[in-house]
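Coordinates as given in input_11.cif (mmCIF, C-alpha atoms):
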data_final
#
loop_
_atom_site.label_atom_id
_atom_site.label_comp_id
_atom_site.auth_asym_id
_atom_site.auth_seq_id
_atom_site.Cartn_x
_atom_site.Cartn_y
_atom_site.Cartn_z
CA MET A 1 99.79 124.33 113.19
CA MET A 2 98.14 121.09 112.16
CA ILE A 3 97.47 117.62 113.55
CA THR A 4 97.72 114.70 111.11
CA VAL A 5 96.65 111.16 112.02
CA GLU A 6 97.95 108.22 110.03
CA LEU A 7 95.06 105.81 109.52
CA MET A 8 95.53 102.05 109.81
CA GLY A 9 93.24 99.06 110.19
CA GLY A 10 89.48 98.72 109.89
CA LEU A 11 86.64 101.01 110.91
CA GLY A 12 87.09 100.66 114.67
CA ASN A 13 90.82 101.33 114.53
CA GLN A 14 90.34 104.32 112.25
CA MET A 15 87.87 105.70 114.79
CA PHE A 16 90.40 105.39 117.62
CA GLN A 17 93.02 107.19 115.56
CA TYR A 18 90.69 109.97 114.50
CA ALA A 19 89.35 110.38 118.05
CA PHE A 20 92.88 110.91 119.35
CA GLY A 21 93.42 113.48 116.63
CA LEU A 22 90.22 115.27 117.63
CA ARG A 23 91.51 115.53 121.20
CA LEU A 24 94.85 117.02 120.12
CA ALA A 25 93.23 119.42 117.66
CA ALA A 26 90.78 120.61 120.33
CA GLU A 27 93.55 121.17 122.89
CA ARG A 28 95.68 123.09 120.43
CA ASN A 29 92.84 124.88 118.67
CA THR A 30 94.11 123.78 115.28
CA ASP A 31 93.09 121.76 112.23
CA LEU A 32 92.94 117.98 111.96
CA THR A 33 93.74 116.04 108.80
CA ALA A 34 93.97 112.33 108.06
CA ASN A 35 96.50 110.56 105.88
CA GLY A 36 95.83 107.16 104.33
CA PHE A 37 99.28 106.16 103.11
CA LEU A 38 99.62 103.29 105.60
CA LEU A 39 95.95 102.40 105.17
CA ASN A 40 95.82 102.14 101.39
CA ASN A 41 99.23 100.63 100.71
CA ARG A 42 98.58 97.08 99.50
CA LEU A 43 102.28 96.23 99.45
CA LEU A 44 102.63 97.08 103.14
CA ALA A 45 99.63 94.87 103.89
CA VAL A 46 101.32 91.94 102.17
CA VAL A 47 104.73 92.55 103.76
CA ARG A 48 103.34 93.04 107.27
CA GLN A 49 100.73 90.28 106.80
CA TYR A 50 97.72 92.27 107.92
CA THR A 51 94.26 92.47 106.38
CA TYR A 52 94.04 95.18 103.73
CA ARG A 53 91.46 97.83 104.63
CA GLN A 54 89.94 100.86 102.96
CA PHE A 55 88.95 104.25 104.35
CA GLU A 56 85.64 103.88 106.20
CA LEU A 57 85.14 107.12 108.12
CA SER A 58 83.04 108.66 105.35
CA ILE A 59 79.97 107.27 107.16
CA PHE A 60 80.58 110.03 109.72
CA GLY A 61 80.97 112.74 107.08
CA ILE A 62 84.78 112.73 107.33
CA PRO A 63 86.42 113.49 103.97
CA ALA A 64 88.70 110.96 102.31
CA PRO A 65 92.33 111.29 103.43
CA ARG A 66 95.39 112.05 101.42
CA THR A 67 97.44 108.97 100.52
CA ALA A 68 100.98 110.37 100.25
CA PRO A 69 104.00 109.43 102.40
CA ALA A 70 105.00 113.10 102.67
CA ASP A 71 103.68 113.61 106.20
CA LEU A 72 105.59 110.67 107.64
CA ILE A 73 108.79 111.60 105.82
CA LEU A 74 108.51 115.22 106.93
CA ALA A 75 108.02 114.24 110.56
CA MET A 76 111.17 112.11 110.52
CA LEU A 77 113.39 114.88 109.13
CA PRO A 78 115.30 116.97 111.67
CA PHE A 79 114.55 120.70 111.77
CA SER A 80 111.38 120.21 109.69
CA GLY A 81 109.19 121.81 112.32
CA ALA A 82 107.17 118.59 112.52
CA VAL A 83 107.04 115.95 115.26
CA LEU A 84 106.32 112.25 114.83
CA LEU A 85 104.17 111.23 117.81
CA ARG A 86 104.16 107.47 118.32
CA GLU A 87 101.83 105.53 120.59
CA PRO A 88 103.76 104.65 123.77
CA THR A 89 104.31 100.98 124.49
CA ASP A 90 103.49 101.53 128.18
CA GLY A 91 100.01 102.93 127.62
CA VAL A 92 98.23 106.22 128.10
CA ASP A 93 100.14 107.28 131.21
CA ALA A 94 103.43 107.21 129.32
CA LEU A 95 102.24 109.58 126.57
CA VAL A 96 104.36 112.72 126.35
CA LEU A 97 102.85 115.35 124.08
CA PRO A 98 105.04 117.68 122.03
CA PRO A 99 105.03 121.35 123.03
CA LEU A 100 102.16 123.54 121.90
CA SER A 101 104.57 125.53 119.75
CA THR A 102 105.14 122.56 117.45
CA GLU A 103 103.91 123.49 114.00
CA ARG A 104 102.90 120.02 112.90
CA VAL A 105 102.26 116.79 114.77
CA VAL A 106 101.98 113.49 112.88
CA CYS A 107 100.40 110.71 114.97
CA VAL A 108 101.19 107.06 114.31
CA GLY A 109 99.60 104.35 116.44
CA TYR A 110 96.34 102.60 117.20
CA TRP A 111 95.51 104.67 120.32
CA GLN A 112 93.07 102.02 121.58
CA SER A 113 91.94 103.56 124.84
CA GLU A 114 89.33 106.05 125.91
CA GLY A 115 92.13 107.66 127.90
CA TYR A 116 93.62 109.04 124.70
CA PHE A 117 90.54 111.12 123.92
CA ASN A 118 88.21 111.34 126.94
CA SER A 119 89.00 115.03 127.45
CA ALA A 120 87.25 115.58 124.07
CA GLU A 121 84.41 113.07 124.57
CA GLY A 122 81.73 115.53 123.47
CA ALA A 123 83.52 116.32 120.22
CA VAL A 124 84.12 112.62 119.56
CA ARG A 125 80.47 111.70 120.08
CA GLU A 126 79.36 114.56 117.85
CA GLN A 127 81.80 113.57 115.10
CA PHE A 128 80.84 109.90 115.23
CA ARG A 129 77.19 110.38 114.44
CA PHE A 130 76.19 108.17 111.51
CA ARG A 131 75.53 110.49 108.60
CA GLN A 132 74.91 108.01 105.81
CA PRO A 133 71.37 106.64 105.36
CA VAL A 134 70.83 103.06 106.47
CA SER A 135 69.19 100.30 104.46
CA GLY A 136 65.59 99.18 104.81
CA PHE A 137 66.82 96.03 106.56
CA THR A 138 68.77 98.05 109.12
CA GLN A 139 65.85 100.38 109.71
CA ARG A 140 63.51 97.47 110.42
CA MET A 141 66.06 95.89 112.72
CA ALA A 142 66.56 99.18 114.56
CA GLU A 143 62.81 99.40 115.13
CA ALA A 144 62.81 95.86 116.53
CA ILE A 145 65.66 96.72 118.90
CA ALA A 146 63.86 99.88 120.00
CA GLY A 147 60.90 97.72 120.94
CA THR A 148 63.06 95.40 123.05
CA PRO A 149 63.57 96.89 126.54
CA ASP A 150 66.57 94.72 127.41
CA ALA A 151 68.26 94.29 124.06
CA VAL A 152 71.80 92.90 124.41
CA PHE A 153 74.11 92.77 121.45
CA VAL A 154 76.61 89.93 121.25
CA HIS A 155 79.58 90.23 118.92
CA VAL A 156 81.52 87.13 117.88
CA ARG A 157 84.55 88.09 115.82
CA ARG A 158 86.15 85.32 113.78
CA GLY A 159 86.95 86.09 110.13
CA ASP A 160 90.61 87.09 109.75
CA TYR A 161 91.19 86.33 113.44
CA VAL A 162 90.86 82.70 112.31
CA THR A 163 92.05 82.73 108.69
CA ASN A 164 94.97 85.20 108.98
CA ALA A 165 97.84 83.55 110.85
CA ASN A 166 99.34 86.89 111.90
CA ALA A 167 96.02 88.18 113.25
CA ASN A 168 95.37 84.88 115.01
CA GLN A 169 98.74 84.94 116.75
CA HIS A 170 98.24 88.57 117.83
CA HIS A 171 94.54 88.65 118.75
CA GLY A 172 93.31 85.08 119.00
CA VAL A 173 89.55 84.56 119.33
CA CYS A 174 87.25 84.76 122.32
CA GLY A 175 86.46 81.24 123.45
CA ILE A 176 83.13 79.66 124.27
CA ASP A 177 83.93 79.95 127.99
CA TYR A 178 84.06 83.73 127.71
CA TYR A 179 80.60 83.93 126.14
CA GLN A 180 79.17 81.51 128.69
CA GLN A 181 80.44 83.63 131.57
CA ALA A 182 79.28 86.84 129.91
CA VAL A 183 75.75 85.53 129.31
CA VAL A 184 75.50 84.30 132.90
CA HIS A 185 76.55 87.75 134.10
CA ILE A 186 73.89 89.41 131.96
CA ARG A 187 71.13 86.98 133.01
CA GLU A 188 71.92 87.54 136.70
CA ARG A 189 71.27 91.26 136.27
CA ILE A 190 68.56 91.44 133.62
CA SER A 191 65.22 89.66 133.85
CA ASN A 192 64.42 89.10 130.19
CA PRO A 193 67.42 89.75 127.95
CA HIS A 194 67.00 89.33 124.22
CA PHE A 195 70.28 88.79 122.39
CA TYR A 196 71.00 90.42 119.02
CA VAL A 197 73.90 88.46 117.57
CA PHE A 198 76.46 89.95 115.19
CA SER A 199 79.23 87.86 113.65
CA ASP A 200 81.19 87.27 110.47
CA ASP A 201 80.53 83.55 111.04
CA LEU A 202 76.92 83.18 112.14
CA ALA A 203 76.84 79.50 111.17
CA TRP A 204 79.54 78.78 113.76
CA VAL A 205 77.75 80.87 116.38
CA LYS A 206 74.44 79.08 115.88
CA GLN A 207 76.14 75.70 116.15
CA GLU A 208 78.38 76.45 119.15
CA LEU A 209 76.42 79.09 121.07
CA GLY A 210 72.84 78.64 119.86
CA PRO A 211 71.41 77.05 123.05
CA LEU A 212 73.21 79.64 125.20
CA LEU A 213 71.87 82.65 123.30
CA ASN A 214 68.16 82.15 123.66
CA PRO A 215 66.05 84.04 122.83
CA ALA A 216 68.15 85.55 120.07
CA THR A 217 67.94 87.40 116.78
CA TYR A 218 70.80 86.70 114.38
CA VAL A 219 71.54 89.87 112.42
CA ASP A 220 72.48 88.75 108.93
CA GLY A 221 71.76 91.55 106.50
CA ASN A 222 74.80 93.83 106.41
CA ARG A 223 77.82 92.69 104.46
CA GLY A 224 80.61 94.21 102.43
CA SER A 225 80.23 97.98 102.15
CA ASP A 226 77.16 97.81 104.42
CA SER A 227 79.04 96.20 107.32
CA TRP A 228 79.25 99.52 109.18
CA GLN A 229 75.49 99.31 109.69
CA ASP A 230 76.08 96.52 112.22
CA MET A 231 77.82 99.10 114.41
CA PHE A 232 74.84 101.40 113.93
CA LEU A 233 72.60 98.61 115.23
CA MET A 234 74.93 97.68 118.08
CA ARG A 235 74.68 101.24 119.28
CA GLN A 236 70.88 100.90 119.55
CA CYS A 237 71.12 97.99 122.04
CA ARG A 238 71.03 98.89 125.73
CA HIS A 239 73.60 96.28 126.81
CA ALA A 240 76.57 94.59 125.18
CA ILE A 241 78.81 91.55 125.14
CA ILE A 242 81.69 92.55 122.93
CA ALA A 243 84.51 90.62 121.30
CA ASN A 244 88.20 91.53 121.37
CA SER A 245 87.41 93.85 118.50
CA SER A 246 87.56 97.61 118.15
CA PHE A 247 84.40 97.38 116.03
CA SER A 248 82.19 96.18 118.88
CA TRP A 249 84.16 98.32 121.39
CA TRP A 250 82.80 101.35 119.56
CA GLY A 251 79.37 99.78 119.18
CA ALA A 252 79.21 99.66 122.98
CA TRP A 253 80.90 103.02 123.63
CA LEU A 254 78.64 104.99 121.30
CA ASN A 255 75.65 103.87 123.37
CA ASP A 256 75.65 106.29 126.30
CA HIS A 257 72.64 104.80 128.14
CA PRO A 258 73.35 105.38 131.86
CA ASP A 259 72.24 101.89 132.91
CA ARG A 260 74.03 99.91 130.25
CA ILE A 261 76.04 96.79 131.07
CA VAL A 262 79.07 96.13 128.90
CA VAL A 263 80.96 92.85 129.20
CA ALA A 264 84.36 92.65 127.51
CA PRO A 265 87.13 90.05 127.26
CA ARG A 266 90.06 90.46 129.63
CA GLN A 267 92.29 88.61 127.16
CA TRP A 268 92.19 91.15 124.33
CA PHE A 269 95.53 90.07 122.90
CA VAL A 270 97.16 86.64 122.96
CA GLN A 271 100.31 87.77 124.75
CA LYS A 272 98.88 90.23 127.28
CA LEU A 273 95.81 91.20 129.24
CA VAL A 274 94.07 94.51 128.65
CA SER A 275 95.12 97.39 130.87
CA ASN A 276 93.51 100.71 130.05
CA LEU A 277 91.72 99.59 126.91
CA LEU A 278 88.35 99.19 128.68
CA PRO A 279 86.51 102.22 130.07
CA ASP A 280 85.63 102.41 133.74
CA GLY A 281 82.46 100.51 134.52
CA TRP A 282 82.87 97.86 131.85
CA ILE A 283 83.06 94.30 133.12
CA SER A 284 86.06 92.24 132.02
CA MET A 285 86.03 88.45 131.98
#
Translate the structure described by the file into structure tokens.
Amino acid sequence: MMITVELMGGLGNQMFQYAFGLRLAAERNTDLTANGFLLNNRLLAVVRQYTYRQFELSIFGIPAPRTAPADLILAMLPFSGAVLLREPTDGVDALVLPPLSTERVVCVGYWQSEGYFNSAEGAVREQFRFRQPVSGFTQRMAEAIAGTPDAVFVHVRRGDYVTNANANQHHGVCGIDYYQQAVVHIRERISNPHFYVFSDDLAWVKQELGPLLNPATYVDGNRGSDSWQDMFLMRQCRHAIIANSSFSWWGAWLNDHPDRIVVAPRQWFVQKLVSNLLPDGWISM
């Protein structure tokens, strides 16, 4: 028996997919593997008009995946002993798992809900411990956050949500109104919040949200292959205002402080509101 997850998307999406695989592997007491055929295929990225990504889970000590189409092909063949498990369109409650006797399960989907893996929360938190050393910049920033009792991270995702037409039509961007409401909510509940701002367009944030986010520290030291260190720093903050982004979703989720406040956008996608994407206790606006 074996569970295989097909990886797609950036770091946050890969984490959702792997977390779901961890849940299935734990329930079935079997091995988990990852396949990167859909992840690393540049032609598919062009045809489907999504942003090309690379494997990023190595920061958690997860080995690089295979990149062959064999798993997907096998799962689609009758009598192969494998089952192709697709993410249901109606959410977690509609998920029907294959029988335990199934020799191989190949999982294809984004699985963007805590409901897909909360039965294995302990295993997920243990797996998603950052195992790569951080830079001197990140270490200094982490020390500053540790010295800030009411540190609140704010994530403003723009990047391909603005420049990629397909991503823009699917996700859109969180508007200024959302951040205004979120900051008001935080200020009503915290006496002296200090905002740590993360964005792929800090110039825009300073211009449009600068007066709102005061006092603030703009985190501008992790780019390219070091971008994952922003999630490391998000995790250090006690409270969060996230974007409609799986990256900051995980930055907030990995922080298990019992008194944390997490504000998230209700309009996660352009065409629909979130349903079970946000954990219980998070505030949607």
Find the smallest box with edges along x, y and z containing every listed atom of region 52-58 of chain A, then add 6 Å on each side and report centre and edge lengths in Å to one decimal, as lines of an AutoDock Vina configuration file.
center_x = 88.5
center_y = 101.9
center_z = 105.5
size_x = 23.0
size_y = 25.5
size_z = 17.2
How would you write, as a ChimeraX atom specification, the residues chosen by the PyMOL selection byres ((chain A and resi 263) around 7) on this structure? /A:182,240-242,261-262,264,282-284
Around the point (86.8, 106.0, 106.6), in the coordinates given by the file, pick out the residues reaching within 12 Å, counting all atoms listed in the file, and return them as number ranges by chain. A: 6-18, 34-36, 39-40, 53-66, 128, 130, 225, 228
Given all atoms listed in the file as the counted atoms, nearest of A:His257, A:Arg157, A:Arg189, A:Arg266 to Leu202 (chain A):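 The answer is A:Arg157, which sits nearest to Leu202 (chain A).
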Starting from the displayed file, determine the output of the PyMOL selection byres ((chain A and resi 212) around 12) and express the residue list as JSON, numbers by chain. {"A": [154, 176, 177, 178, 179, 180, 181, 182, 183, 184, 186, 187, 193, 194, 195, 197, 205, 206, 207, 208, 209, 210, 211, 213, 214, 215, 216]}
With N, CA and C atoms as the goal, would you fill in the gaps in region 17-37 of chain A and present it as an mmCIF file, in the frame of the given file?
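Here's the written file out_31.cif:
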data_model
loop_
_atom_site.group_PDB
_atom_site.id
_atom_site.type_symbol
_atom_site.label_atom_id
_atom_site.label_comp_id
_atom_site.auth_asym_id
_atom_site.auth_seq_id
_atom_site.Cartn_x
_atom_site.Cartn_y
_atom_site.Cartn_z
ATOM 1 N N GLN A 17 91.983 106.267 116.024
ATOM 2 C CA GLN A 17 93.020 107.190 115.560
ATOM 3 C C GLN A 17 92.456 108.591 115.349
ATOM 4 N N TYR A 18 91.284 108.666 114.755
ATOM 5 C CA TYR A 18 90.690 109.970 114.500
ATOM 6 C C TYR A 18 90.262 110.634 115.813
ATOM 7 N N ALA A 19 89.767 109.828 116.755
ATOM 8 C CA ALA A 19 89.350 110.380 118.050
ATOM 9 C C ALA A 19 90.535 110.999 118.779
ATOM 10 N N PHE A 20 91.684 110.340 118.726
ATOM 11 C CA PHE A 20 92.880 110.910 119.350
ATOM 12 C C PHE A 20 93.252 112.223 118.666
ATOM 13 N N GLY A 21 93.143 112.245 117.346
ATOM 14 C CA GLY A 21 93.420 113.480 116.630
ATOM 15 C C GLY A 21 92.474 114.599 117.006
ATOM 16 N N LEU A 22 91.196 114.263 117.204
ATOM 17 C CA LEU A 22 90.220 115.270 117.630
ATOM 18 C C LEU A 22 90.614 115.872 118.971
ATOM 19 N N ARG A 23 91.084 115.038 119.876
ATOM 20 C CA ARG A 23 91.510 115.530 121.200
ATOM 21 C C ARG A 23 92.665 116.516 121.061
ATOM 22 N N LEU A 24 93.697 116.126 120.272
ATOM 23 C CA LEU A 24 94.850 117.020 120.120
ATOM 24 C C LEU A 24 94.461 118.320 119.426
ATOM 25 N N ALA A 25 93.642 118.215 118.393
ATOM 26 C CA ALA A 25 93.230 119.420 117.660
ATOM 27 C C ALA A 25 92.426 120.351 118.555
ATOM 28 N N ALA A 26 91.574 119.786 119.418
ATOM 29 C CA ALA A 26 90.780 120.610 120.330
ATOM 30 C C ALA A 26 91.673 121.303 121.347
ATOM 31 N N GLU A 27 92.651 120.589 121.885
ATOM 32 C CA GLU A 27 93.550 121.170 122.890
ATOM 33 C C GLU A 27 94.403 122.282 122.313
ATOM 34 N N ARG A 28 94.774 122.132 121.047
ATOM 35 C CA ARG A 28 95.680 123.090 120.430
ATOM 36 C C ARG A 28 94.983 124.104 119.526
ATOM 37 N N ASN A 29 93.638 123.953 119.466
ATOM 38 C CA ASN A 29 92.840 124.880 118.670
ATOM 39 C C ASN A 29 93.388 124.977 117.244
ATOM 40 N N THR A 30 93.550 123.831 116.624
ATOM 41 C CA THR A 30 94.110 123.780 115.280
ATOM 42 C C THR A 30 93.349 122.782 114.424
ATOM 43 N N ASP A 31 93.785 122.621 113.179
ATOM 44 C CA ASP A 31 93.090 121.760 112.230
ATOM 45 C C ASP A 31 93.542 120.309 112.367
ATOM 46 N N LEU A 32 92.660 119.414 111.970
ATOM 47 C CA LEU A 32 92.940 117.980 111.960
ATOM 48 C C LEU A 32 92.809 117.460 110.542
ATOM 49 N N THR A 33 93.806 116.710 110.102
ATOM 50 C CA THR A 33 93.740 116.040 108.800
ATOM 51 C C THR A 33 94.065 114.567 108.993
ATOM 52 N N ALA A 34 93.665 113.760 108.028
ATOM 53 C CA ALA A 34 93.970 112.330 108.060
ATOM 54 C C ALA A 34 94.777 111.973 106.823
ATOM 55 N N ASN A 35 95.702 111.046 106.992
ATOM 56 C CA ASN A 35 96.500 110.560 105.880
ATOM 57 C C ASN A 35 96.296 109.051 105.763
ATOM 58 N N GLY A 36 96.121 108.566 104.543
ATOM 59 C CA GLY A 36 95.830 107.160 104.330
ATOM 60 C C GLY A 36 96.934 106.384 103.666
ATOM 61 N N PHE A 37 98.180 106.864 103.766
ATOM 62 C CA PHE A 37 99.280 106.160 103.110
ATOM 63 C C PHE A 37 99.443 104.754 103.667
#
